[in-house]
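Have a look at coords_8.txt below; it lists compact mmCIF, C-alpha atoms.
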# COMPACT_ATOMS: atom_id res chain seq x y z
CA MET A 1 84.90 135.77 59.31
CA LYS A 2 81.36 136.13 60.48
CA ILE A 3 78.79 134.29 62.52
CA ASN A 4 75.14 134.25 61.66
CA VAL A 5 73.73 135.29 64.97
CA ASN A 6 70.75 133.31 66.12
CA LYS A 7 68.50 135.56 68.16
CA ARG A 8 67.32 132.97 70.68
CA ASP A 9 70.63 131.60 71.96
CA PRO A 10 72.96 133.66 74.14
CA VAL A 11 75.40 135.43 71.84
CA TYR A 12 78.37 134.58 74.05
CA VAL A 13 77.52 130.87 73.68
CA GLN A 14 77.44 131.31 69.90
CA VAL A 15 80.86 132.94 70.00
CA MET A 16 82.20 130.02 72.05
CA ARG A 17 80.73 127.64 69.51
CA TYR A 18 82.47 129.51 66.71
CA PHE A 19 85.79 128.99 68.50
CA LYS A 20 85.03 125.32 69.19
CA GLU A 21 84.36 124.75 65.48
CA GLN A 22 87.61 126.48 64.56
CA ILE A 23 89.45 124.28 67.04
CA ALA A 24 87.75 121.05 65.97
CA THR A 25 88.48 121.67 62.28
CA GLY A 26 92.08 122.65 62.94
CA GLN A 27 91.66 126.21 61.71
CA LEU A 28 92.91 127.26 65.12
CA ALA A 29 95.89 125.15 66.15
CA PRO A 30 96.84 124.22 69.73
CA GLY A 31 98.84 127.09 71.24
CA GLU A 32 97.85 129.50 68.47
CA GLU A 33 97.31 133.15 69.37
CA ILE A 34 93.75 134.36 69.00
CA ALA A 35 92.36 137.80 68.22
CA SER A 36 91.93 140.21 71.12
CA ARG A 37 88.49 140.72 72.60
CA ARG A 38 88.23 144.04 70.87
CA GLU A 39 89.27 142.60 67.48
CA ILE A 40 86.90 139.66 67.73
CA ALA A 41 83.97 141.95 68.62
CA ASN A 42 84.67 143.95 65.50
CA GLN A 43 85.27 140.92 63.27
CA LEU A 44 82.20 138.98 64.39
CA LYS A 45 80.11 142.16 64.62
CA ILE A 46 79.17 141.65 68.24
CA ASN A 47 79.15 143.83 71.34
CA PRO A 48 82.58 143.96 73.05
CA ASN A 49 80.93 142.97 76.37
CA THR A 50 79.75 139.77 74.75
CA ALA A 51 83.24 139.05 73.43
CA GLN A 52 84.59 139.61 76.93
CA ARG A 53 82.03 137.22 78.40
CA ALA A 54 82.80 134.52 75.81
CA TYR A 55 86.56 134.77 76.44
CA LYS A 56 86.03 134.61 80.19
CA GLU A 57 83.94 131.44 79.87
CA MET A 58 86.44 129.87 77.47
CA GLU A 59 89.23 130.69 79.88
CA GLU A 60 87.29 129.04 82.72
CA LEU A 61 86.69 125.94 80.59
CA GLY A 62 90.38 125.82 79.77
CA LEU A 63 89.80 126.26 76.03
CA ILE A 64 92.07 129.30 75.97
CA PHE A 65 94.71 130.65 78.30
CA THR A 66 96.38 134.00 78.83
CA GLU A 67 99.83 134.63 80.23
CA GLY A 68 100.40 138.11 81.63
CA ASN A 69 99.70 140.78 79.07
CA MET A 70 100.20 138.43 76.12
CA PRO A 71 97.40 137.68 73.65
CA SER A 72 95.23 134.70 74.64
CA ARG A 73 96.09 131.35 73.08
CA ILE A 74 94.30 128.10 72.29
CA THR A 75 94.96 125.40 74.87
CA MET A 76 97.51 122.69 74.22
CA ASP A 77 95.76 120.25 76.53
CA GLU A 78 95.00 117.18 74.37
CA THR A 79 92.08 116.01 76.54
CA ILE A 80 90.29 119.34 76.25
CA LEU A 81 90.92 119.52 72.50
CA THR A 82 89.58 115.99 71.95
CA ASP A 83 86.54 116.76 74.08
CA VAL A 84 85.73 119.84 71.98
CA ARG A 85 85.52 117.72 68.86
CA LYS A 86 83.54 115.00 70.63
CA GLU A 87 81.08 117.56 71.94
CA LEU A 88 80.46 119.07 68.51
CA VAL A 89 80.08 115.66 66.84
CA LEU A 90 77.70 114.43 69.50
CA GLU A 91 75.66 117.61 69.25
CA ALA A 92 75.35 117.26 65.46
CA VAL A 93 74.44 113.57 65.70
CA THR A 94 71.84 114.21 68.39
CA GLU A 95 70.24 116.87 66.24
CA PHE A 96 70.24 114.51 63.27
CA ILE A 97 68.64 111.71 65.27
CA HIS A 98 66.02 114.11 66.50
CA SER A 99 65.15 115.16 62.95
CA ILE A 100 64.87 111.65 61.53
CA GLN A 101 62.95 110.32 64.52
CA SER A 102 60.40 113.08 64.15
CA ILE A 103 59.62 111.84 60.63
CA ASP A 104 59.70 108.11 61.62
CA VAL A 105 62.84 107.06 59.76
CA SER A 106 64.36 103.79 60.96
CA LEU A 107 68.03 103.53 61.92
CA GLU A 108 68.72 101.13 59.01
CA GLU A 109 67.13 103.42 56.47
CA ALA A 110 68.94 106.45 57.90
CA VAL A 111 72.33 104.70 57.84
CA GLU A 112 71.72 103.57 54.27
CA LEU A 113 70.84 107.10 53.20
CA VAL A 114 73.81 108.56 55.05
CA LYS A 115 76.15 106.17 53.23
CA GLU A 116 74.58 106.96 49.91
CA ASN A 117 74.67 110.73 50.31
CA TYR A 118 77.69 111.41 52.48
CA ASN A 119 80.29 111.66 49.73
CA ARG A 120 77.98 113.30 47.27
CA LYS A 121 77.21 116.09 49.72
CA ARG A 122 80.84 116.53 50.51
CA ALA A 123 81.60 116.95 46.80
CA ASP A 124 78.94 119.66 46.40
CA MET B 4 75.44 154.11 86.82
CA LEU B 5 72.65 156.34 85.58
CA GLU B 6 69.40 155.85 87.48
CA VAL B 7 66.01 157.14 86.53
CA LYS B 8 63.66 156.92 89.53
CA ASP B 9 59.90 157.34 89.46
CA LEU B 10 60.08 159.94 86.70
CA LYS B 11 56.81 161.81 86.12
CA LYS B 12 55.98 164.29 83.42
CA LYS B 13 52.82 166.07 82.36
CA PHE B 14 52.14 167.97 79.18
CA GLY B 15 49.12 170.10 80.04
CA ARG B 16 46.65 167.66 81.53
CA LYS B 17 48.17 164.66 79.87
CA GLN B 18 50.38 162.56 82.14
CA VAL B 19 53.03 161.30 79.67
CA LEU B 20 55.33 159.63 82.20
CA LYS B 21 53.61 158.00 85.17
CA GLY B 22 56.59 157.01 87.27
CA VAL B 23 59.31 155.56 85.06
CA SER B 24 62.27 153.84 86.73
CA PHE B 25 65.23 152.06 85.16
CA THR B 26 69.00 151.85 85.39
CA ALA B 27 71.67 152.18 82.72
CA LYS B 28 75.17 150.93 83.50
CA LYS B 29 78.45 152.18 82.16
CA GLY B 30 79.84 149.80 79.53
CA GLU B 31 76.37 148.56 78.61
CA ILE B 32 73.92 149.37 75.85
CA THR B 33 70.46 150.02 77.24
CA CYS B 34 67.59 150.20 74.81
CA LEU B 35 64.33 152.04 75.53
CA ILE B 36 61.62 150.48 73.42
CA GLY B 37 58.06 151.60 72.89
CA ILE B 38 55.73 152.74 70.18
CA ASN B 39 55.84 156.39 69.10
CA GLY B 40 54.34 158.82 71.57
CA VAL B 41 55.16 156.64 74.56
CA GLY B 42 57.53 159.25 75.98
CA LYS B 43 60.95 157.84 75.06
CA THR B 44 62.29 161.18 73.85
CA THR B 45 60.78 162.91 76.90
CA ILE B 46 62.78 160.56 79.13
CA LEU B 47 66.02 161.50 77.34
CA ASN B 48 65.11 165.19 77.45
CA ALA B 49 64.39 164.86 81.17
CA ILE B 50 67.78 163.22 81.81
CA MET B 51 69.39 166.14 79.97
CA ARG B 52 67.15 168.65 81.79
CA LEU B 53 65.89 169.92 78.47
CA THR B 54 62.42 169.64 79.91
CA ALA B 55 61.13 170.24 83.44
CA ILE B 56 59.84 167.17 85.27
CA ASN B 57 56.88 166.85 87.59
CA GLY B 58 58.36 164.27 89.90
CA GLY B 59 61.10 161.72 90.38
CA GLN B 60 64.88 161.77 90.37
CA ILE B 61 67.79 161.24 88.04
CA LEU B 62 70.97 160.02 89.69
CA LEU B 63 74.46 159.70 88.28
CA ASN B 64 76.60 157.29 90.32
CA GLY B 65 74.16 157.61 93.20
CA GLU B 66 74.09 161.40 93.28
CA SER B 67 71.59 163.91 91.95
CA ILE B 68 72.51 165.26 88.57
CA THR B 69 74.14 168.68 88.64
CA LYS B 70 75.45 171.04 85.97
CA LYS B 71 78.80 169.30 86.30
CA SER B 72 77.25 165.91 85.48
CA TYR B 73 76.66 167.08 81.93
CA GLU B 74 80.37 166.95 81.27
CA LYS B 75 79.87 163.19 81.55
CA ILE B 76 76.71 162.80 79.47
CA THR B 77 76.00 163.67 75.87
CA PHE B 78 72.73 163.68 73.99
CA ILE B 79 72.44 162.89 70.29
CA PRO B 80 68.99 164.06 69.16
CA ASP B 81 67.17 162.44 66.25
CA ALA B 82 67.80 165.42 63.97
CA ILE B 83 71.06 167.18 63.30
CA THR B 84 71.41 170.48 65.14
CA VAL B 85 74.42 172.08 63.42
CA MET B 86 73.95 174.76 60.78
CA PRO B 87 73.28 173.11 57.42
CA HIS B 88 75.60 175.46 55.49
CA MET B 89 78.58 174.27 57.54
CA LYS B 90 81.11 171.85 56.14
CA ILE B 91 81.59 168.73 58.28
CA SER B 92 85.07 170.02 59.16
CA GLU B 93 83.59 173.34 60.29
CA ALA B 94 80.98 171.57 62.42
CA MET B 95 83.80 169.58 64.03
CA GLN B 96 85.78 172.77 64.66
CA PHE B 97 82.68 174.36 66.16
CA MET B 98 82.32 171.46 68.61
CA ASP B 99 86.02 171.66 69.45
CA ASP B 100 85.66 175.38 70.26
CA PHE B 101 82.65 174.82 72.49
CA TYR B 102 83.34 171.58 74.35
CA ASP B 103 86.28 170.71 76.57
CA CYS B 104 85.42 167.06 76.25
CA TRP B 105 85.69 167.06 72.43
CA ASN B 106 88.17 164.37 71.39
CA GLU B 107 89.79 165.31 68.10
CA LYS B 108 91.42 161.92 67.61
CA ARG B 109 88.19 160.03 68.04
CA ALA B 110 86.38 162.50 65.78
CA THR B 111 88.87 161.77 63.00
CA GLU B 112 88.50 158.03 63.58
CA LEU B 113 84.73 158.36 63.34
CA LEU B 114 85.02 160.37 60.14
CA ASP B 115 87.06 157.55 58.69
CA PHE B 116 84.81 154.84 60.12
CA PHE B 117 81.70 156.39 58.56
CA LYS B 118 83.59 157.16 55.32
CA LEU B 119 82.54 160.80 55.43
CA ASN B 120 84.28 163.62 53.57
CA ALA B 121 85.15 166.52 55.89
CA ASN B 122 84.77 169.03 53.03
CA ASP B 123 81.13 168.14 52.33
CA ARG B 124 78.49 170.59 53.42
CA VAL B 125 75.94 169.21 55.86
CA SER B 126 73.10 170.46 53.62
CA SER B 127 74.41 168.37 50.69
CA LEU B 128 74.38 165.05 52.57
CA SER B 129 71.95 162.16 52.20
CA LYS B 130 69.71 161.36 55.15
CA GLY B 131 71.93 158.43 56.10
CA ASN B 132 75.11 160.50 56.02
CA THR B 133 73.44 163.31 57.95
CA ALA B 134 72.60 160.79 60.67
CA LYS B 135 76.23 159.63 60.66
CA VAL B 136 77.53 163.21 61.07
CA ASN B 137 75.07 163.67 63.91
CA LEU B 138 76.43 160.56 65.63
CA LEU B 139 80.02 161.56 64.96
CA LEU B 140 79.50 164.90 66.69
CA GLY B 141 78.07 163.18 69.76
CA LEU B 142 80.33 160.14 69.94
CA ALA B 143 83.53 162.18 69.62
CA MET B 144 82.89 163.65 73.07
CA ASP B 145 84.84 162.12 75.95
CA VAL B 146 81.88 161.31 78.16
CA ASP B 147 80.75 158.31 80.21
CA TYR B 148 77.18 158.21 78.92
CA VAL B 149 75.76 158.71 75.46
CA LEU B 150 72.03 159.13 74.89
CA MET B 151 70.84 158.48 71.35
CA ASP B 152 67.34 159.30 70.22
CA GLU B 153 66.15 157.07 67.37
CA PRO B 154 69.48 156.82 65.53
CA PHE B 155 68.06 154.30 63.03
CA SER B 156 64.85 156.01 62.15
CA GLY B 157 64.11 156.95 58.56
CA ILE B 158 67.45 155.99 57.03
CA ASP B 159 68.50 153.36 54.50
CA MET B 160 69.50 149.80 55.41
CA PHE B 161 73.23 150.19 54.74
CA SER B 162 73.45 153.33 56.87
CA ARG B 163 71.59 151.51 59.62
CA GLU B 164 74.06 148.63 59.42
CA LYS B 165 77.01 151.01 59.57
CA ILE B 166 75.55 152.79 62.59
CA ALA B 167 74.88 149.46 64.32
CA GLU B 168 78.51 148.54 63.60
CA VAL B 169 79.61 151.38 65.90
CA PHE B 170 78.34 149.25 68.77
CA THR B 171 80.88 146.55 67.93
CA THR B 172 83.91 148.85 68.11
CA HIS B 173 86.12 150.60 70.61
CA LEU B 174 84.41 153.85 69.58
CA ILE B 175 81.66 152.97 72.02
CA GLU B 176 83.43 150.56 74.37
CA ASP B 177 83.38 151.27 78.12
CA ARG B 178 80.67 153.89 77.82
CA GLY B 179 77.07 153.64 78.88
CA VAL B 180 74.67 154.03 76.00
CA ILE B 181 70.95 154.68 76.21
CA ILE B 182 69.26 154.35 72.88
CA THR B 183 65.61 154.76 71.97
CA THR B 184 64.28 152.83 69.04
CA HIS B 185 61.38 150.89 67.65
CA GLU B 186 63.50 149.22 64.98
CA ILE B 187 64.90 146.52 67.17
CA SER B 188 65.59 143.58 64.87
CA ASP B 189 68.81 145.02 63.38
CA ILE B 190 70.42 145.48 66.77
CA GLU B 191 68.89 143.02 69.20
CA HIS B 192 72.06 140.91 69.38
CA LEU B 193 74.10 144.03 70.17
CA ILE B 194 72.21 145.40 73.15
CA ASP B 195 72.74 144.40 76.78
CA HIS B 196 69.69 145.71 78.49
CA VAL B 197 66.09 146.42 77.47
CA VAL B 198 63.40 148.63 78.97
CA LEU B 199 59.92 148.11 77.49
CA LEU B 200 57.68 151.13 77.89
CA ASP B 201 54.00 151.62 77.37
CA ASN B 202 51.47 154.18 78.43
CA GLY B 203 53.97 156.15 80.54
CA ARG B 204 55.20 153.13 82.49
CA VAL B 205 57.91 150.48 82.37
CA LEU B 206 56.28 147.17 81.51
CA LYS B 207 59.44 145.11 81.73
CA GLU B 208 63.18 145.59 82.18
CA PHE B 209 65.59 142.74 81.38
CA ALA B 210 69.10 141.66 80.37
CA THR B 211 69.10 140.27 76.82
CA GLU B 212 71.64 137.46 77.38
CA GLU B 213 69.72 136.32 80.49
CA VAL B 214 66.43 136.06 78.61
CA ARG B 215 68.15 134.08 75.83
CA GLU B 216 69.95 131.82 78.27
CA GLN B 217 67.14 131.17 80.74
CA GLU B 218 64.08 131.30 78.52
CA GLY B 219 65.43 130.75 74.99
CA LYS B 220 63.64 133.89 73.86
CA SER B 221 64.69 136.69 71.54
CA VAL B 222 64.04 140.33 72.41
CA VAL B 223 61.26 140.38 69.82
CA ASP B 224 59.67 137.27 71.46
CA VAL B 225 59.57 139.10 74.79
CA MET B 226 58.14 142.22 73.13
CA ARG B 227 55.33 140.16 71.58
CA GLU B 228 54.51 138.64 74.97
CA VAL B 229 54.52 141.95 76.77
CA TYR B 230 52.79 144.16 74.22
CA GLN B 231 50.29 141.66 72.88
CA ALA B 232 49.27 140.21 76.24

Using structure tokens, write down the structure that the file contains.
Amino acid sequence: MKINVNKRDPVYVQVMRYFKEQIATGQLAPGEEIASRREIANQLKINPNTAQRAYKEMEELGLIFTEGNMPSRITMDETILTDVRKELVLEAVTEFIHSIQSIDVSLEEAVELVKENYNRKRAD
Amino acid sequence: MLEVKDLKKKFGRKQVLKGVSFTAKKGEITCLIGINGVGKTTILNAIMRLTAINGGQILLNGESITKKSYEKITFIPDAITVMPHMKISEAMQFMDDFYDCWNEKRATELLDFFKLNANDRVSSLSKGNTAKVNLLLGLAMDVDYVLMDEPFSGIDMFSREKIAEVFTTHLIEDRGVIITTHEISDIEHLIDHVVLLDNGRVLKEFATEEVREQEGKSVVDVMREVYQA
């Protein structure tokens, strides 16, 4: 488990993104216990303050919850979970559109190429 | 909170520090950056009163530093200061004999973390492992603030990575760290606070996450702007 830290985005945001990806792909299930702040700092090789900040933000967004002294868990709220996936998909699509528009590719051509390459890429 | 206020220092006629001010908080990693000869080590020496100052103040939690304050601060110089013929275990015992704040448990954890062998003699160690022993001896102290002078300088990549890894563990958690370095790229995602120095002054002081969040800039981007302006 590791994230490739990008030096121009806040690290806590990158940690949140890591969790969102884990949630969206089902690697972290609803209600599942997550690593402690200290463990995650060590696993992701980040500063424990940053881990703390990321958990605090995720708690505020309702992505995770903590009961008493128990380990934090992934939310079971369906709406939030669906939104996480939507957000990641939309982000990826927006980035893709941006890239193809900057090299003047039409929607039709892009769709055609996506269809042609989608399964091949997945098989790689 | 450790505050350096308007610190001035002369060596002969040369004014090395011309009024340096910055703050280091407990639980944060503060990085003093500047080219060699800019006075980074002098600042650390001044905090530790290893050198007399010509003006300014150093405050710990709002109060002037006293002899007692040094039970809360430790300094890890850039070269090892224990006798080279000592075994690592003997160096650890030496520290235990001399310092009340020596934490045996943490020392053993650090030994394990750095994969050092307690029976090795300090003189037989590689440069990287010598640096690790040096850090072990400082970090094993139960203090609130740790000052590290150039912990990454002149050692191999893997040792640098291992030393940087300390900053991701409980071995450093909750303490205030002041580190001087010019090799920033390995650790820029690990530090909380940066003080850019040049010509005896602070050119800029900032929080790393804030600069990333508000300006989309890396620490190196800011350094380029400030030093190459």

| What residues in chain B have any atom no more than 7 Å from chain A when counting only C-alpha atoms, and can you write them as a list in words? |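 Listed by rising number, the hits are Glu168, Phe170, Thr171, Thr172, His173, Glu176, His192, Leu193, Glu212, Arg215, Glu216, Gly219, Lys220 and Ser221 of chain B.
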
| CA of Gly141 (chain B) and CA of Asn202 (chain B), how far apart in Å? |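 According to the coordinates, CA of Asn202 (chain B) and CA of Gly141 (chain B) are separated by 29.4 Å.
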
| Given the choices A:Val111, A:Phe96, A:Val105, A:Ser72, which gets closest to Glu59 (chain A) if the distance is worked out from only C-alpha atoms? |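 That would be A:Ser72, the residue with the smallest distance to Glu59 (chain A).
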
Give as an mmCIF file with C-alpha atoms, keeping the file's coordinate frame the set of residues within 12 Å of the point (87.3, 125.5, 67.9), where distances use the file's coordinates and only C-alpha atoms.
data_model
loop_
_atom_site.group_PDB
_atom_site.id
_atom_site.type_symbol
_atom_site.label_atom_id
_atom_site.label_comp_id
_atom_site.auth_asym_id
_atom_site.auth_seq_id
_atom_site.Cartn_x
_atom_site.Cartn_y
_atom_site.Cartn_z
ATOM 1 C CA GLN A 14 77.440 131.310 69.900
ATOM 2 C CA VAL A 15 80.860 132.940 70.000
ATOM 3 C CA MET A 16 82.200 130.020 72.050
ATOM 4 C CA ARG A 17 80.730 127.640 69.510
ATOM 5 C CA TYR A 18 82.470 129.510 66.710
ATOM 6 C CA PHE A 19 85.790 128.990 68.500
ATOM 7 C CA LYS A 20 85.030 125.320 69.190
ATOM 8 C CA GLU A 21 84.360 124.750 65.480
ATOM 9 C CA GLN A 22 87.610 126.480 64.560
ATOM 10 C CA ILE A 23 89.450 124.280 67.040
ATOM 11 C CA ALA A 24 87.750 121.050 65.970
ATOM 12 C CA THR A 25 88.480 121.670 62.280
ATOM 13 C CA GLY A 26 92.080 122.650 62.940
ATOM 14 C CA GLN A 27 91.660 126.210 61.710
ATOM 15 C CA LEU A 28 92.910 127.260 65.120
ATOM 16 C CA ALA A 29 95.890 125.150 66.150
ATOM 17 C CA PRO A 30 96.840 124.220 69.730
ATOM 18 C CA GLU A 32 97.850 129.500 68.470
ATOM 19 C CA ILE A 34 93.750 134.360 69.000
ATOM 20 C CA MET A 58 86.440 129.870 77.470
ATOM 21 C CA LEU A 63 89.800 126.260 76.030
ATOM 22 C CA ILE A 64 92.070 129.300 75.970
ATOM 23 C CA ARG A 73 96.090 131.350 73.080
ATOM 24 C CA ILE A 74 94.300 128.100 72.290
ATOM 25 C CA THR A 75 94.960 125.400 74.870
ATOM 26 C CA ILE A 80 90.290 119.340 76.250
ATOM 27 C CA LEU A 81 90.920 119.520 72.500
ATOM 28 C CA THR A 82 89.580 115.990 71.950
ATOM 29 C CA ASP A 83 86.540 116.760 74.080
ATOM 30 C CA VAL A 84 85.730 119.840 71.980
ATOM 31 C CA ARG A 85 85.520 117.720 68.860
ATOM 32 C CA LYS A 86 83.540 115.000 70.630
ATOM 33 C CA GLU A 87 81.080 117.560 71.940
ATOM 34 C CA LEU A 88 80.460 119.070 68.510
#

| In Å, how far is it from CA of Val125 (chain B) to CA of Thr45 (chain B)? |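 Going from CA of Val125 (chain B) over to CA of Thr45 (chain B), I get 26.7 Å.
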
| request: Please measure the separation of CA of Cys34 (chain B) and CA of Asp195 (chain B), giving the value in Å to one decimal. | output: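 Pair CA of Cys34 (chain B) / CA of Asp195 (chain B) returns 8.0 Å.
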
Quick one: residues within 8 Å of Pro154 (chain B), all atoms listed in the file, excluding same-chain residues fewer than 3 positions away - as a PDB file with C-alpha atoms, in the frame of the given file?
ATOM      1  CA  ASP B  81      67.170 162.440  66.250  1.00  0.00           C
ATOM      2  CA  ALA B 134      72.600 160.790  60.670  1.00  0.00           C
ATOM      3  CA  LEU B 138      76.430 160.560  65.630  1.00  0.00           C
ATOM      4  CA  MET B 151      70.840 158.480  71.350  1.00  0.00           C
ATOM      5  CA  ILE B 166      75.550 152.790  62.590  1.00  0.00           C
ATOM      6  CA  ILE B 182      69.260 154.350  72.880  1.00  0.00           C
ATOM      7  CA  THR B 183      65.610 154.760  71.970  1.00  0.00           C
ATOM      8  CA  THR B 184      64.280 152.830  69.040  1.00  0.00           C
TER       9      THR B 184
END

| query | So which residues touch Val229 (chain B) within 10 Å, counting all atoms listed in the file, skipping near sequence neighbours fewer than 3 positions away, as an MDAnalysis selection string? | reply | chainID B and resid 199:201 206:207 223:226 232

If the box runs along x, y and z of the file and leaves 5 Å on each side of region 26-41 of chain A, what are its centre and edge lengths in Å, one decimal, as JSON?
{"center_x": 91.4, "center_y": 133.3, "center_z": 67.2, "size_x": 24.9, "size_y": 31.4, "size_z": 20.9}

| Surrounding residues of Thr111 (chain B) excluding itself and chain neighbours under 5 positions, 9 Å, all atoms listed in the file, as a PyMOL selection string | chain B and resi 106+116+143

| Selection: 6 Å around Asp9 (chain B), only C-alpha atoms, excl. self and same-chain fewer than 4 positions, as a PyMOL selection string | chain B and resi 22-24+59

| For Asp159 (chain B), which of B:Arg109, B:Lys8, B:Arg178, B:Lys130 is the closest residue, counting only C-alpha atoms? |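 Looking only at the distances to Asp159 (chain B), the closest residue turns out to be B:Lys130.
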
| query | Between A:Asp104, A:Tyr118, A:Pro71, A:Phe65, which one has atoms that come closest to Arg37 (chain A), using all atoms listed in the file? | reply |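 Smallest separation from Arg37 (chain A) among the options: A:Pro71.
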
| said: Restricting the calculation to all atoms listed in the file: of B:Asn122, B:Ser156, B:Ser67, B:Ser188, which residue gets closest to Pro80 (chain B)? | reply: B:Ser156
